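A.B. asks: Structure below; questions to follow.
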Amino acid sequence: MKRLVTMTAAAAILVMAGSAYAATATLNTSASVSPLCKATVVASIDFEALDPFNDTGLKDAVAPGSVTVQCTQGTLYSFDYEVGPKMTGGVNGFLIPIYPVAIAGVVPGSIAGTTYEVKAQVNAADYVNAPADAYAGTYTLTINY
Amino acid sequence: MKLRTRKIAVILALVALIRLPLCADPAFAGALANPLQISAVIPAGSGVCVFDTGGPYSLNFPTPLDPITPAPLSTATVTFNVTCSGINGNEGKTVIIDRMDNSQLFLKSGEDQIPYSINLPYAQNVKNKKSTPVTLTATIAGTAYQQVPAGSYSDAITINVMP
């Protein structure tokens, strides 16, 4: 009988050592994922040869440009188009205005990215008096997200 | 003759009363030794630890995660102090900080989840009644958050310090 009492006491103390002595605390963890977008130019816009004598009205670029947009998954975005971009003659400095064409079919962002065709036009009336030259310029496409 | 017998009996009784508290009788020594061993050994092996402040503690990834150009591994740390008592010896004792659960941890934002890890269980040497800093590090692999939408993600876990 005395031995039984002693063993019961030992078991009770061992249980206390395994659980009651462990202190607990809460650890809150947090992180944020940024809504980001990144654009990469894949191809430039090329009008190739313009013909001041025969061209009329608006003329599309022969080779439209393209841009790939990567965004945080599901990010919604839209495009803003530069107002009044121009190409400049390399020798004579003559300016030919560019008319951006809105991009259609914009889809929510993804990390894999979506490639869009970037179209632009020139107006024959703007270069009817342009001297023969090589013209170049930049056109800024802004992504809002 | 009758008188002498009574005297001896009285003397024997006196001797027995004096020896009982000293446990000199072999028949009683074994019975008392067991409870003495229990009370001496178990408290020395356990100790008690507490978090110096009750928490909750915050483990925040300081820089927003960039899913387009993710770092291979993003890390965040938190440091808190624990104090243990009942620890014997100058060399102290190794205590374990753990969450008592080996399941994958997730930062959550609604239905979206980012798996992450914390270096638990964590072993820390402590000395008796000396506040000891514990630094935990959480990590997120760059591939873990590339397919989740932007937002704030969070989680709460319970950690234990066990002497």
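In the structure tokens, chains take the letters A, B, ... in the order shown, each chain's residues start at 1, and ligands count up from 1 in the order shown.
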Applying 10 Å and only C-alpha atoms, which residues near A:Asp133 remain after dropping the ones on its own chain fewer than 5 positions away? List them as number ranges by chain.
C.D. replies: A: 88-94
A.B. asks: Please provide as a list in words all residues within 7 Å of A:Lys86, with the sequence filter that same-chain residues fewer than 2 positions apart are discarded (counting only C-alpha atoms).
C.D. replies: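 Skipping anything fewer than 2 positions along the chain leaves Gly84, Thr88, Leu95, Ile96, Pro97, Ile98 and Gly137 of chain A.
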A.B. asks: Please return, as a list in words, all residues of chain A lying within 7 Å of chain B when only C-alpha atoms are considered.
C.D. replies: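 Within 7 Å of chain B on chain A, we get Thr6, Ala10, Ala17, Tyr21, Ala22, Ala23, Thr24, Ala25, Thr26, Leu27, Asn28, Thr29, Ser30, Ala31, Ser32, Val33, Ser34, Pro35, Cys71, Thr72, Gln73, Gly74 and Ile111 of chain A.
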A.B. asks: Show me, as a ChimeraX atom specification, the residues that have an atom within 10 Å of A:Tyr99 when counting only C-alpha atoms, minus same-chain residues fewer than 3 positions from it.
C.D. replies: /A:58-60,81-86,96,102,119-123,139
A.B. asks: If I take atom CA of A:Asp46 and atom CA of A:Glu117, how far is one from the other in Å, to one decimal?
C.D. replies: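 For atom CA of A:Asp46 relative to atom CA of A:Glu117, the distance reads 12.5 Å.
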A.B. asks: Please report the interatomic distance between atom CA of B:Pro70 and atom CA of A:Val67 in Å with one decimal.
C.D. replies: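 Taking atom CA of B:Pro70 as the start and atom CA of A:Val67 as the end point, the length is 21.3 Å.
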A.B. asks: Which of stretch 39-108 of chain B counts as strand (DSSP E) under DSSP, as a count of residues only please?
C.D. replies: 31
A.B. asks: Would you list the contacts of A:Gln70 as a list of chain:residue names, taking every protein, DNA or RNA residue within 7 Å and counting only C-alpha atoms, but skipping same-chain residues closer than 3 positions in sequence?
C.D. replies: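 Near A:Gln70, the qualifying residues are A:Cys37, A:Lys38, A:Ala39, A:Gly109, A:Ser110, A:Ile111, A:Ala112, A:Gly113, A:Thr114.
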A.B. asks: Near B:Asn81, counting only C-alpha atoms, which residues have an atom at most 8 Å away, once you skip same-chain residues fewer than 6 positions from it, shown as a compact mmCIF listing (two decimals) with N, CA and C atoms, in the first residue's frame?
C.D. replies:
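The resulting file, selection_17.txt, is reproduced below:
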# COMPACT_ATOMS: atom_id res chain seq x y z
N PHE B 51 8.05 33.93 -20.86
CA PHE B 51 8.38 35.00 -21.78
C PHE B 51 8.42 36.29 -20.97
N ASP B 52 9.48 37.07 -21.15
CA ASP B 52 9.62 38.26 -20.30
C ASP B 52 8.43 39.21 -20.46
N THR B 53 7.97 39.38 -21.67
CA THR B 53 6.73 40.10 -21.87
C THR B 53 5.73 39.09 -22.42
N SER B 131 17.64 36.69 -17.97
CA SER B 131 16.86 36.95 -19.18
C SER B 131 17.72 36.69 -20.41
N THR B 132 17.21 35.88 -21.31
CA THR B 132 18.00 35.45 -22.46
C THR B 132 17.25 35.76 -23.74
N PRO B 133 17.91 36.45 -24.69
CA PRO B 133 17.22 36.75 -25.95
C PRO B 133 17.09 35.51 -26.84
N VAL B 134 15.97 35.46 -27.50
CA VAL B 134 15.72 34.39 -28.48
C VAL B 134 15.33 35.08 -29.78
A.B. asks: For the structure I just gave you, how does DSSP split stretch 32-130 of chain A - specifically, which residues are helix (DSSP H, G or I)? Reply as a list in words.
C.D. replies: Ala124, Ala125, Asp126 and Tyr127 of chain A
A.B. asks: Could those selected residues go to a file with C-alpha atoms, as a compact mmCIF listing (two decimals), in the first residue's frame?
C.D. replies:
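Result file is result-v4.txt:
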# COMPACT_ATOMS: atom_id res chain seq x y z
CA ALA A 124 -0.05 61.84 -94.69
CA ALA A 125 -0.92 65.50 -94.36
CA ASP A 126 1.77 65.83 -91.69
CA TYR A 127 4.61 64.70 -93.92
A.B. asks: Tell me which of A:Leu36, A:Met87, A:Ile103, A:Ala49 sits closest to A:Leu141, counting only C-alpha atoms.
C.D. replies: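 The closest residue to A:Leu141 is A:Ile103.
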